[in-house]
$ cat structure.pdb   # PDB, C-alpha atoms, pLDDT in the B column
ATOM      1  CA  MET A   1       4.576 -14.674 -12.365  1.00 75.00           C
ATOM      2  CA  ARG A   2       4.137 -17.593  -9.980  1.00 85.00           C
ATOM      3  CA  THR A   3       6.372 -15.941  -7.441  1.00 88.00           C
ATOM      4  CA  LEU A   4       4.288 -12.761  -7.614  1.00 86.00           C
ATOM      5  CA  ALA A   5       1.090 -14.770  -7.290  1.00 85.00           C
ATOM      6  CA  ARG A   6       2.424 -16.568  -4.218  1.00 91.00           C
ATOM      7  CA  THR A   7       3.544 -13.294  -2.679  1.00 92.00           C
ATOM      8  CA  TRP A   8       0.093 -11.779  -3.191  1.00 93.00           C
ATOM      9  CA  ALA A   9      -1.564 -14.924  -1.824  1.00 91.00           C
ATOM     10  CA  ARG A  10       0.426 -14.561   1.411  1.00 92.00           C
ATOM     11  CA  VAL A  11      -1.015 -11.058   1.914  1.00 93.00           C
ATOM     12  CA  GLY A  12      -4.366 -12.728   2.579  1.00 92.00           C
ATOM     13  CA  LEU A  13      -6.702 -10.578   0.519  1.00 92.00           C
ATOM     14  CA  ARG A  14      -9.956 -11.446  -1.181  1.00 92.00           C
ATOM     15  CA  PRO A  15      -9.627 -11.398  -5.007  1.00 91.00           C
ATOM     16  CA  GLU A  16     -11.405  -8.044  -5.400  1.00 94.00           C
ATOM     17  CA  GLU A  17      -9.204  -6.470  -2.685  1.00 94.00           C
ATOM     18  CA  MET A  18      -6.101  -7.860  -4.352  1.00 94.00           C
ATOM     19  CA  GLN A  19      -7.134  -6.356  -7.684  1.00 95.00           C
ATOM     20  CA  ALA A  20      -7.635  -2.955  -6.062  1.00 96.00           C
ATOM     21  CA  TRP A  21      -4.224  -3.047  -4.338  1.00 96.00           C
ATOM     22  CA  ILE A  22      -2.566  -4.151  -7.601  1.00 95.00           C
ATOM     23  CA  ALA A  23      -4.266  -1.259  -9.409  1.00 96.00           C
ATOM     24  CA  ALA A  24      -2.913   1.149  -6.785  1.00 95.00           C
ATOM     25  CA  LEU A  25       0.598  -0.233  -6.287  1.00 96.00           C
ATOM     26  CA  GLY A  26       1.361  -2.401  -9.294  1.00 95.00           C
ATOM     27  CA  VAL A  27       1.669  -6.139  -9.674  1.00 93.00           C
ATOM     28  CA  ASP A  28       4.912  -6.151  -7.682  1.00 93.00           C
ATOM     29  CA  GLY A  29       3.431  -4.214  -4.739  1.00 95.00           C
ATOM     30  CA  ALA A  30       2.388  -7.139  -2.509  1.00 95.00           C
ATOM     31  CA  VAL A  31       4.957  -6.423   0.186  1.00 95.00           C
ATOM     32  CA  ILE A  32       3.938  -2.760   0.242  1.00 97.00           C
ATOM     33  CA  ALA A  33       0.261  -3.741   0.526  1.00 97.00           C
ATOM     34  CA  ARG A  34       1.091  -6.115   3.378  1.00 96.00           C
ATOM     35  CA  ASP A  35       3.036  -3.404   5.196  1.00 97.00           C
ATOM     36  CA  CYS A  36       0.230  -0.882   4.690  1.00 97.00           C
ATOM     37  CA  ARG A  37      -2.283  -3.288   6.164  1.00 95.00           C
ATOM     38  CA  THR A  38       0.065  -3.995   9.078  1.00 95.00           C
ATOM     39  CA  VAL A  39       0.426  -0.322  10.053  1.00 96.00           C
ATOM     40  CA  GLY A  40      -3.191   0.541   9.222  1.00 97.00           C
ATOM     41  CA  ILE A  41      -2.887   2.476   5.977  1.00 98.00           C
ATOM     42  CA  ALA A  42      -6.132   2.062   4.046  1.00 97.00           C
ATOM     43  CA  LEU A  43      -6.288   1.425   0.322  1.00 97.00           C
ATOM     44  CA  SER A  44      -8.430   4.559   0.071  1.00 97.00           C
ATOM     45  CA  ALA A  45      -5.446   6.584   1.337  1.00 98.00           C
ATOM     46  CA  MET A  46      -3.254   5.866  -1.688  1.00 97.00           C
ATOM     47  CA  GLY A  47      -4.333   9.127  -3.331  1.00 97.00           C
ATOM     48  CA  VAL A  48      -3.757  11.307  -0.254  1.00 97.00           C
ATOM     49  CA  VAL A  49      -1.143  13.979  -0.924  1.00 97.00           C
ATOM     50  CA  LEU A  50       1.545  14.421   1.727  1.00 96.00           C
ATOM     51  CA  ASP A  51       4.146  17.126   1.184  1.00 95.00           C
ATOM     52  CA  GLY A  52       3.346  17.303  -2.523  1.00 96.00           C
ATOM     53  CA  ARG A  53       3.393  13.560  -3.315  1.00 97.00           C
ATOM     54  CA  ARG A  54       0.664  10.951  -3.202  1.00 97.00           C
ATOM     55  CA  VAL A  55       1.006   8.182  -0.652  1.00 98.00           C
ATOM     56  CA  LYS A  56       1.189   5.513  -3.353  1.00 97.00           C
ATOM     57  CA  GLU A  57       4.026   7.397  -5.079  1.00 97.00           C
ATOM     58  CA  ARG A  58       5.925   7.632  -1.805  1.00 97.00           C
ATOM     59  CA  LEU A  59       5.488   3.923  -1.104  1.00 97.00           C
ATOM     60  CA  ARG A  60       6.412   2.888  -4.657  1.00 96.00           C
ATOM     61  CA  GLY A  61       9.441   5.170  -4.369  1.00 96.00           C
ATOM     62  CA  GLY A  62      10.722   3.294  -1.341  1.00 97.00           C
ATOM     63  CA  GLU A  63       9.304   5.171   1.635  1.00 97.00           C
ATOM     64  CA  SER A  64       8.208   2.696   4.284  1.00 97.00           C
ATOM     65  CA  ALA A  65       4.577   2.379   5.298  1.00 97.00           C
ATOM     66  CA  PHE A  66       5.565   3.318   8.854  1.00 97.00           C
ATOM     67  CA  SER A  67       7.278   6.487   7.603  1.00 97.00           C
ATOM     68  CA  ALA A  68       4.265   7.435   5.469  1.00 98.00           C
ATOM     69  CA  MET A  69       2.000   6.957   8.492  1.00 97.00           C
ATOM     70  CA  ALA A  70       4.281   9.137  10.628  1.00 97.00           C
ATOM     71  CA  ARG A  71       4.436  11.803   7.902  1.00 97.00           C
ATOM     72  CA  ALA A  72       0.644  11.839   7.707  1.00 97.00           C
ATOM     73  CA  ALA A  73       0.359  12.241  11.475  1.00 96.00           C
ATOM     74  CA  ALA A  74       2.855  15.109  11.401  1.00 96.00           C
ATOM     75  CA  CYS A  75       0.707  16.786   8.729  1.00 93.00           C
ATOM     76  CA  GLY A  76      -2.465  16.214  10.723  1.00 95.00           C
ATOM     77  CA  ARG A  77      -3.817  13.693   8.194  1.00 95.00           C
ATOM     78  CA  SER A  78      -5.180  10.204   8.697  1.00 96.00           C
ATOM     79  CA  LEU A  79      -4.454   7.322   6.357  1.00 98.00           C
ATOM     80  CA  LYS A  80      -6.978   5.010   7.995  1.00 95.00           C
ATOM     81  CA  ASP A  81     -10.522   4.388   6.765  1.00 83.00           C
TER      82      ASP A  81
END

$ encode --input "structure.pdb" --output "structure tokens"
Amino acid sequence: MRTLARTWARVGLRPEEMQAWIAALGVDGAVIARDCRTVGIALSAMGVVLDGRRVKERLRGGESAFSAMARAAACGRSLKD
């Protein structure tokens, strides 16, 4: 658990933001959350459906944040706030 806590701490979120990202991506989703923030994918976009799958499912399944952003653009969708 300490390793997970340190990983989340490095993402640089306020506690309430961290809780929301954990709720969306799971306790082991810190790296995904960091990557989403880096490419500009908003937390509010986790429920957006792209090609039949929600963004959070794609990311948890291994699709990169960059790829999800590109897929959204190709579909004419925005994943930013």

$ residues_around --input "structure.pdb" --residues "Val49 in chain A" --least-positions-apart "6" --cutoff "12 Å" --atoms "all atoms listed in the file" --output "NGL selection string"
:A and (55-58 or 68 or 71-72 or 75-79)

$ closest_residue --input "structure.pdb" --among "A:Asp81, A:Asp51, A:Glu16, A:Glu63" --to "Arg37 in chain A" --atoms "only C-alpha atoms"
A:Asp81

$ closest_residue --input "structure.pdb" --among "A:Ala45, A:Val39, A:Ala74, A:Ala5" --to "Ile22 in chain A" --atoms "all atoms listed in the file"
A:Ala5

$ atom_distance --input "structure.pdb" --atom1 "CA of Arg54 in chain A" --atom2 "CA of Ala20 in chain A"
16.4 Å

$ atom_distance --input "structure.pdb" --atom1 "CA of Thr3 in chain A" --atom2 "CA of Phe66 in chain A"
25.2 Å

$ residues_around --input "structure.pdb" --residues "Arg10 in chain A" --least-positions-apart "3" --cutoff "9 Å" --atoms "only C-alpha atoms" --output "mmCIF file with C-alpha atoms, in the frame of the given file"
data_model
loop_
_atom_site.group_PDB
_atom_site.id
_atom_site.type_symbol
_atom_site.label_atom_id
_atom_site.label_comp_id
_atom_site.auth_asym_id
_atom_site.auth_seq_id
_atom_site.Cartn_x
_atom_site.Cartn_y
_atom_site.Cartn_z
ATOM 1 C CA ALA A 5 1.090 -14.770 -7.290
ATOM 2 C CA ARG A 6 2.424 -16.568 -4.218
ATOM 3 C CA THR A 7 3.544 -13.294 -2.679
ATOM 4 C CA LEU A 13 -6.702 -10.578 0.519
ATOM 5 C CA ALA A 30 2.388 -7.139 -2.509
ATOM 6 C CA ARG A 34 1.091 -6.115 3.378
#
